[in-house]
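What follows is a set of notes on a single structure, which appears directly below.
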Amino acid sequence: MCSDAHDNDPHILCPQCDILVAIPGLKIGQKAVCPRCHTTLTTRWNEPRRRPVGYAISALFMLLLANLFPFVNMNVAGLSSEVTLVQIPQVLVSENYASMASLFMIVVQLLPAICMLSIILLCYGTKIPVHWKVSIARTLFRLKSWCMVEIFLAGVLVSFVKLMAYGDVGIGTSFIPYALFCLLQLRAFQCTDRFWMWEHIEPAPELVQPLRVGESGLRQGLRSCHCCMAILPAEQEVCGRCKSKGHARRKNSLQWTMALLVTSILLYLPANLLPIMITQVLGNPMPSTIMAGVVLLWSDGSYPVAMVIFIASIMVPTLKMIAIAWLCWDANSNKQIDRERLHVIYEVVEFVGRWSMIDVFVIAVLSALVRMGQLMSIYPDIGALLFAGVVILTMFAAMTFDPRLIWDRAGMKSAKEPQDGRK
């Protein structure tokens, strides 16, 4: 399967399985995928500069509008309450949950805004020094996975269903702009191709040795820069293009992953046993755990929402911890395993883990909106903070795990397609 062909084509070491792929000339709308693990390597977009910039500018404008007006409102027994996006973290701070308030502001507003601004600066052709562009691009691709706008929006919708049993719930003037911000942000990320962007910031360092397409980088003494996708000699620690430090494989990947996993398990038990919020009705406080909230929704007939919360807050974290432990075990094993299936498990774990944060956002919205004195008020509790810690730690565990370890002993037995990566 190995070949010295495609010498004139750009090459990519797949960041997921480490196979060397030659990227052919792509037509508009085509993408190159890894022939072994089917990871998308690069996509050719029509107007790759103007399209992301247009989406990013529109997203920032919608975010500005979303912060100027009321976001959601509620009416109970003649008493009304409305809240803006800015007031949600303010309420959390007033209840001595500054850490949750900071998390909300960072992942729901600050990081998405920084990413959109970074896309504008990089794609618009702004005349700034190359080392600044490199720093901005490094920041963009490191922060991208921590933007949780769509998860917060789903949490708001779940909050609506929970509150319908108590009164009338409605959307404010800024709800639609924020929903549009969510869609435009996702589209801006989708149209920003990592490989294309780095090639236009600065060319990758040249290699003197011949490249063997279809063979792993480790066998050729090569490694891929985890930041800019440049192909480097395995012994070179600092990338000549983006100045990021790295190794052929992430140092102590399995040890770090297991340490983070064990810590998340230790937090997961009290996060499920301790109350995540307190509902005060007519002066009577009623603590509620995650499972108690699911049972209450189910008993009220809100079966779809109860299933969403159960899956996102109970099943997903549990299965994710089991899956990460399984990946670590099998990645360090010499036995014959289905590595393609393990890779699919890794991709699922990496994608769905952040959605467990939906329950934390539900509590943030409820705490900010339901503030009606003795009639009815909702407050966050320690379980919400612990659960947020579980989600963050499992996300870090998935990030520190090196998926290339799954394929290191696989050779080329799983490759069944041509090695040019065209699709």
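Scheme for the structure tokens: letters A, B, ... for chains in order shown; per-chain residue numbers from 1; ligand numbers from 1 in order shown.
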- request: For stretch 26-33 of chain A, list every protein, DNA or RNA residue within 12 Å, evaluated using only C-alpha atoms, and leave out those in the same chain fewer than 3 positions away; present the list as JSON, numbers by chain.
  value: {"A": [9, 10, 11, 12, 13, 14, 15, 16, 17, 19, 20, 21, 22, 23, 36, 37, 38, 39, 40, 41, 42, 43, 44, 45, 46, 47, 48, 191, 193, 195, 196, 417, 418, 419, 420, 421, 422, 423]}
task: Write out as a PyMOL selection string the residues lying within 8 Å of A:Ala188, counting only C-alpha atoms and excluding same-chain residues fewer than 6 positions away.
output: chain A and resi 51-53+55-56+116+119
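Proximity to A:Arg219 at 10 Å, evaluated using only C-alpha atoms and with sequence-adjacent residues fewer than 2 positions away removed, yields Asp18, Ile19, Arg212, Glu215, Ser216, Gly217, Gly221, Leu222, Arg223, Ala234, Asp408 and Gly411 of chain A.
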Got time to write the residues from that selection, all heavy atoms, as a compact mmCIF listing (two decimals), in the first residue's frame?
# COMPACT_ATOMS: atom_id res chain seq x y z
N ASP A 18 -2.47 8.81 11.97
CA ASP A 18 -1.06 9.00 11.64
C ASP A 18 -0.67 8.48 10.25
O ASP A 18 0.51 8.41 9.93
CB ASP A 18 -0.15 8.36 12.70
CG ASP A 18 1.28 8.88 12.64
OD1 ASP A 18 1.44 10.10 12.45
OD2 ASP A 18 2.22 8.07 12.76
N ILE A 19 -1.62 8.12 9.41
CA ILE A 19 -1.27 7.67 8.07
C ILE A 19 -0.97 8.88 7.19
O ILE A 19 -1.59 9.93 7.33
CB ILE A 19 -2.41 6.83 7.46
CG1 ILE A 19 -1.95 6.14 6.18
CG2 ILE A 19 -3.64 7.68 7.19
CD1 ILE A 19 -3.00 5.21 5.58
N ARG A 212 6.44 8.57 1.99
CA ARG A 212 5.83 7.33 1.52
C ARG A 212 4.34 7.36 1.87
O ARG A 212 3.95 7.14 3.02
CB ARG A 212 6.52 6.12 2.14
CG ARG A 212 8.00 6.03 1.80
CD ARG A 212 8.61 4.71 2.22
NE ARG A 212 8.58 4.50 3.66
CZ ARG A 212 9.50 4.94 4.50
NH1 ARG A 212 10.53 5.67 4.04
NH2 ARG A 212 9.41 4.69 5.79
N GLU A 215 1.78 5.08 4.48
CA GLU A 215 2.51 4.53 5.63
C GLU A 215 2.43 5.52 6.78
O GLU A 215 2.33 6.73 6.57
CB GLU A 215 3.96 4.27 5.24
CG GLU A 215 4.75 3.50 6.29
CD GLU A 215 6.13 3.10 5.79
OE1 GLU A 215 6.24 2.74 4.60
OE2 GLU A 215 7.09 3.18 6.58
N SER A 216 2.45 5.03 8.00
CA SER A 216 2.33 5.91 9.15
C SER A 216 3.54 6.82 9.28
O SER A 216 4.66 6.46 8.87
CB SER A 216 2.15 5.09 10.43
OG SER A 216 3.37 4.48 10.80
N GLY A 217 3.32 7.98 9.85
CA GLY A 217 4.42 8.92 10.05
C GLY A 217 5.46 8.39 11.01
O GLY A 217 6.66 8.64 10.84
N GLY A 221 9.67 8.18 10.63
CA GLY A 221 10.41 9.15 11.45
C GLY A 221 9.83 10.54 11.36
O GLY A 221 10.57 11.52 11.46
N LEU A 222 8.50 10.62 11.17
CA LEU A 222 7.84 11.91 11.02
C LEU A 222 6.74 12.05 12.08
O LEU A 222 6.26 11.07 12.63
CB LEU A 222 7.20 12.04 9.64
CG LEU A 222 8.13 11.92 8.43
CD1 LEU A 222 7.32 11.86 7.14
CD2 LEU A 222 9.12 13.09 8.40
N ARG A 223 6.36 13.29 12.34
CA ARG A 223 5.23 13.56 13.21
C ARG A 223 4.44 14.73 12.64
O ARG A 223 4.96 15.53 11.85
CB ARG A 223 5.67 13.88 14.64
CG ARG A 223 6.29 15.27 14.83
CD ARG A 223 6.54 15.55 16.29
NE ARG A 223 7.09 16.88 16.55
CZ ARG A 223 6.35 17.96 16.76
NH1 ARG A 223 5.03 17.88 16.73
NH2 ARG A 223 6.92 19.14 16.99
N ALA A 234 10.34 13.52 13.47
CA ALA A 234 9.83 13.06 14.76
C ALA A 234 10.62 13.61 15.94
O ALA A 234 10.06 13.85 17.02
CB ALA A 234 9.82 11.54 14.80
N ASP A 408 -1.34 2.37 16.21
CA ASP A 408 0.10 2.16 16.10
C ASP A 408 0.47 0.72 15.80
O ASP A 408 1.47 0.46 15.13
CB ASP A 408 0.80 2.63 17.38
CG ASP A 408 1.02 4.13 17.39
OD1 ASP A 408 0.85 4.76 16.32
OD2 ASP A 408 1.34 4.69 18.46
N GLY A 411 -0.75 -1.50 11.62
CA GLY A 411 -0.17 -1.57 10.29
C GLY A 411 -1.11 -0.98 9.26
O GLY A 411 -1.77 0.00 9.51
Could you list, as a PDB file with N, CA, C and O atoms, in the first residue's frame, every residue within 10 Å of A:Ser135, counting only C-alpha atoms and ignoring same-chain residues fewer than 3 positions away?
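So out_18.pdb came out as:
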ATOM      1  N   SER A 118     -11.292  36.158  15.692  1.00  0.00           N
ATOM      2  CA  SER A 118     -10.079  35.550  15.144  1.00  0.00           C
ATOM      3  C   SER A 118     -10.272  35.153  13.692  1.00  0.00           C
ATOM      4  O   SER A 118      -9.385  35.354  12.849  1.00  0.00           O
ATOM      5  N   VAL A 130       3.139  38.251  10.664  1.00  0.00           N
ATOM      6  CA  VAL A 130       2.896  36.815  10.559  1.00  0.00           C
ATOM      7  C   VAL A 130       2.860  36.162  11.933  1.00  0.00           C
ATOM      8  O   VAL A 130       2.031  35.278  12.198  1.00  0.00           O
ATOM      9  N   HIS A 131       3.736  36.597  12.848  1.00  0.00           N
ATOM     10  CA  HIS A 131       3.759  35.945  14.162  1.00  0.00           C
ATOM     11  C   HIS A 131       2.476  36.231  14.946  1.00  0.00           C
ATOM     12  O   HIS A 131       2.058  35.430  15.776  1.00  0.00           O
ATOM     13  N   TRP A 132       1.827  37.355  14.667  1.00  0.00           N
ATOM     14  CA  TRP A 132       0.529  37.626  15.277  1.00  0.00           C
ATOM     15  C   TRP A 132      -0.526  36.692  14.697  1.00  0.00           C
ATOM     16  O   TRP A 132      -1.387  36.177  15.424  1.00  0.00           O
ATOM     17  N   ARG A 138      -3.435  29.794  16.460  1.00  0.00           N
ATOM     18  CA  ARG A 138      -3.262  28.831  17.548  1.00  0.00           C
ATOM     19  C   ARG A 138      -4.377  28.974  18.568  1.00  0.00           C
ATOM     20  O   ARG A 138      -4.957  27.993  19.039  1.00  0.00           O
ATOM     21  N   THR A 139      -4.713  30.222  18.909  1.00  0.00           N
ATOM     22  CA  THR A 139      -5.787  30.477  19.875  1.00  0.00           C
ATOM     23  C   THR A 139      -7.127  29.984  19.348  1.00  0.00           C
ATOM     24  O   THR A 139      -7.898  29.342  20.080  1.00  0.00           O
ATOM     25  N   LEU A 140      -7.411  30.265  18.080  1.00  0.00           N
ATOM     26  CA  LEU A 140      -8.690  29.885  17.484  1.00  0.00           C
ATOM     27  C   LEU A 140      -8.928  28.385  17.575  1.00  0.00           C
ATOM     28  O   LEU A 140      -9.981  27.939  18.056  1.00  0.00           O
ATOM     29  N   CYS A 242       4.389  27.197  13.554  1.00  0.00           N
ATOM     30  CA  CYS A 242       3.541  27.787  14.597  1.00  0.00           C
ATOM     31  C   CYS A 242       4.221  27.854  15.957  1.00  0.00           C
ATOM     32  O   CYS A 242       3.624  28.359  16.917  1.00  0.00           O
ATOM     33  N   LYS A 243       5.450  27.326  16.064  1.00  0.00           N
ATOM     34  CA  LYS A 243       6.245  27.379  17.294  1.00  0.00           C
ATOM     35  C   LYS A 243       5.641  26.566  18.437  1.00  0.00           C
ATOM     36  O   LYS A 243       6.033  26.733  19.593  1.00  0.00           O
ATOM     37  N   SER A 244       4.692  25.686  18.124  1.00  0.00           N
ATOM     38  CA  SER A 244       4.120  24.817  19.161  1.00  0.00           C
ATOM     39  C   SER A 244       5.078  23.675  19.457  1.00  0.00           C
ATOM     40  O   SER A 244       5.762  23.170  18.563  1.00  0.00           O
TER      41      SER A 244
END
query: So which residues touch stretch 100-105 of chain A within 9 Å, counting only C-alpha atoms, skipping near sequence neighbours fewer than 5 positions away, as a VMD selection string?
result: chain A and resid 86 88 to 93 110 to 111 152 360 to 361 364 384 to 385 388
Restricted to C-alpha atoms, what would the selected residues look like written as a compact mmCIF listing (two decimals), in the first residue's frame?
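As a result, again.txt now contains:
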# COMPACT_ATOMS: atom_id res chain seq x y z
CA VAL A 86 -25.79 39.51 31.23
CA ILE A 88 -27.56 35.24 34.36
CA PRO A 89 -23.94 35.30 35.63
CA GLN A 90 -24.79 38.23 37.92
CA VAL A 91 -27.37 36.10 39.74
CA LEU A 92 -24.90 33.23 40.05
CA VAL A 93 -22.33 35.58 41.58
CA LEU A 110 -16.46 35.25 25.61
CA LEU A 111 -14.81 32.33 23.77
CA PHE A 152 -26.71 26.60 26.17
CA VAL A 360 -25.61 23.11 34.24
CA PHE A 361 -26.99 25.66 31.78
CA ALA A 364 -28.17 28.80 35.38
CA ALA A 384 -24.21 21.67 39.92
CA LEU A 385 -20.65 22.87 40.48
CA ALA A 388 -19.67 20.95 35.80
query: In Å to one decimal, how far is atom CA of A:Met372 from atom CA of A:Ser313?
result: 27.6 Å
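You will find atom CA of A:Leu375 at 22.7 Å from atom CA of A:Gly172.
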- request: For A:Ile358, work out the shell of residues within 7 Å, counting only C-alpha atoms and skipping chain neighbours fewer than 5 positions away, then give it as an MDAnalysis selection string.
  value: chainID A and resid 151:152 154:155
Those selected residues, please, written with N, CA, C and O atoms and delivered as a short mmCIF file (atom, residue, chain, number, x, y, z; two decimals), in the first residue's frame.
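Printed below is result17.cif as written:
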data_model
loop_
_atom_site.label_atom_id
_atom_site.label_comp_id
_atom_site.auth_asym_id
_atom_site.auth_seq_id
_atom_site.Cartn_x
_atom_site.Cartn_y
_atom_site.Cartn_z
N ILE A 151 -25.19 24.28 23.04
CA ILE A 151 -25.58 23.52 24.24
C ILE A 151 -26.38 24.42 25.19
O ILE A 151 -27.38 23.99 25.78
N PHE A 152 -25.95 25.67 25.32
CA PHE A 152 -26.71 26.60 26.17
C PHE A 152 -28.11 26.82 25.60
O PHE A 152 -29.09 26.86 26.36
N ALA A 154 -29.89 24.77 23.84
CA ALA A 154 -30.69 23.58 24.15
C ALA A 154 -31.10 23.58 25.62
O ALA A 154 -32.22 23.19 25.97
N GLY A 155 -30.21 24.05 26.50
CA GLY A 155 -30.55 24.15 27.91
C GLY A 155 -31.69 25.13 28.17
O GLY A 155 -32.53 24.90 29.05
#
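Residues of stretch 49-269 of chain A that DSSP, applied to the backbone, places in strand (DSSP E or B): A:Val72, A:Asn73, A:Met74, A:Asn75, A:Val76, A:Leu79, A:Ser80, A:Ser81, A:Glu82, A:Val83, A:Asp168, A:Val169, A:Gly170, A:Ile171, A:Val213, A:Ser216, A:Leu222, A:Arg223, A:Ser224, A:Ile231, A:Leu232, A:Pro233, A:Val238, A:Lys245.
Using only C-alpha atoms, the protein and nucleic acid residues lying no more than 8 Å from A:Cys147, apart from those fewer than 2 places from it along its own chain, are Val107, Val108, Leu111, Pro112, Leu143, Lys144, Ser145 and Val149 of chain A.
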Write the selection just made, keeping all heavy atoms, as an mmCIF file, in the first residue's frame?
data_model
loop_
_atom_site.group_PDB
_atom_site.id
_atom_site.type_symbol
_atom_site.label_atom_id
_atom_site.label_comp_id
_atom_site.auth_asym_id
_atom_site.auth_seq_id
_atom_site.Cartn_x
_atom_site.Cartn_y
_atom_site.Cartn_z
ATOM 1 N N VAL A 107 -17.697 30.205 28.222
ATOM 2 C CA VAL A 107 -18.015 29.256 27.149
ATOM 3 C C VAL A 107 -19.232 29.656 26.324
ATOM 4 O O VAL A 107 -19.426 29.152 25.212
ATOM 5 C CB VAL A 107 -18.227 27.831 27.717
ATOM 6 C CG1 VAL A 107 -16.992 27.360 28.457
ATOM 7 C CG2 VAL A 107 -19.450 27.762 28.631
ATOM 8 N N VAL A 108 -20.065 30.561 26.845
ATOM 9 C CA VAL A 108 -21.291 30.940 26.135
ATOM 10 C C VAL A 108 -21.135 32.263 25.388
ATOM 11 O O VAL A 108 -21.765 32.463 24.356
ATOM 12 C CB VAL A 108 -22.478 31.007 27.118
ATOM 13 C CG1 VAL A 108 -23.726 31.563 26.460
ATOM 14 C CG2 VAL A 108 -22.772 29.620 27.673
ATOM 15 N N LEU A 111 -15.575 33.136 24.731
ATOM 16 C CA LEU A 111 -14.812 32.328 23.775
ATOM 17 C C LEU A 111 -15.422 32.334 22.370
ATOM 18 O O LEU A 111 -14.683 32.463 21.385
ATOM 19 C CB LEU A 111 -14.672 30.890 24.290
ATOM 20 C CG LEU A 111 -13.832 30.704 25.553
ATOM 21 C CD1 LEU A 111 -13.617 29.230 25.837
ATOM 22 C CD2 LEU A 111 -12.503 31.422 25.447
ATOM 23 N N PRO A 112 -16.758 32.198 22.232
ATOM 24 C CA PRO A 112 -17.314 32.311 20.871
ATOM 25 C C PRO A 112 -17.018 33.650 20.211
ATOM 26 O O PRO A 112 -16.715 33.695 19.014
ATOM 27 C CB PRO A 112 -18.824 32.126 21.101
ATOM 28 C CG PRO A 112 -18.926 31.334 22.360
ATOM 29 C CD PRO A 112 -17.788 31.807 23.214
ATOM 30 N N LEU A 143 -9.391 27.007 21.211
ATOM 31 C CA LEU A 143 -10.597 27.401 21.932
ATOM 32 C C LEU A 143 -11.881 26.898 21.281
ATOM 33 O O LEU A 143 -12.934 26.890 21.919
ATOM 34 C CB LEU A 143 -10.670 28.932 22.031
ATOM 35 C CG LEU A 143 -9.543 29.639 22.787
ATOM 36 C CD1 LEU A 143 -9.814 31.137 22.827
ATOM 37 C CD2 LEU A 143 -9.388 29.085 24.194
ATOM 38 N N LYS A 144 -11.784 26.487 20.031
ATOM 39 C CA LYS A 144 -12.982 26.140 19.264
ATOM 40 C C LYS A 144 -13.861 25.102 19.961
ATOM 41 O O LYS A 144 -15.092 25.249 20.018
ATOM 42 C CB LYS A 144 -12.537 25.628 17.891
ATOM 43 C CG LYS A 144 -13.662 25.188 16.984
ATOM 44 C CD LYS A 144 -13.096 24.673 15.667
ATOM 45 C CE LYS A 144 -14.197 24.110 14.778
ATOM 46 N NZ LYS A 144 -13.637 23.581 13.503
ATOM 47 N N SER A 145 -13.259 24.072 20.517
ATOM 48 C CA SER A 145 -14.049 22.987 21.113
ATOM 49 C C SER A 145 -14.703 23.385 22.431
ATOM 50 O O SER A 145 -15.555 22.655 22.948
ATOM 51 C CB SER A 145 -13.172 21.748 21.331
ATOM 52 O OG SER A 145 -12.084 22.056 22.186
ATOM 53 N N VAL A 149 -22.265 27.387 22.660
ATOM 54 C CA VAL A 149 -23.453 28.199 22.396
ATOM 55 C C VAL A 149 -24.663 27.321 22.135
ATOM 56 O O VAL A 149 -25.752 27.540 22.690
ATOM 57 C CB VAL A 149 -23.202 29.132 21.197
ATOM 58 C CG1 VAL A 149 -24.442 29.942 20.874
ATOM 59 C CG2 VAL A 149 -22.029 30.065 21.486
#
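Of the listed residues (A:Ile171, A:Met74, A:Val305, A:Cys239), A:Met74 comes nearest to A:Ala368; the distances count only C-alpha atoms.
Distances here use only C-alpha atoms; by that measure, the residue among A:Thr257, A:Pro203, A:Met286, A:Val134 closest to A:Ile231 is A:Pro203.
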- request: From a DSSP pass on the backbone, collect the residues of stretch 154-388 of chain A flagged as alpha helix (DSSP H) and hand them back as number ranges by chain.
  value: A: 154-163, 175-191, 194-201, 253-273, 290-299, 303-310, 316-331, 339-352, 358-369, 382-388
field: Gap from atom CA of A:Asp338 to atom CA of A:Ile392 - Å, one decimal
entry: 28.7 Å
field: A:Met258, A:Ile382, A:Asn73, A:Met321 ranked by distance to A:Leu163, top pick (using only C-alpha atoms)
entry: A:Asn73
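Using only C-alpha atoms, the shortest contact distance between A:Gly54 and any of A:Ile406, A:Val83, A:Cys123, A:Ala113 is found at A:Cys123.
If only C-alpha atoms are the atoms counted, then among A:Pro380, A:Met229, A:Leu267, A:Trp256 the closest residue to A:Thr289 is A:Pro380.
Ranking A:Ala397, A:Leu153, A:Cys115, A:Leu254 by their shortest atom-to-atom distance to A:Thr192, with only C-alpha atoms included, puts A:Cys115 first.
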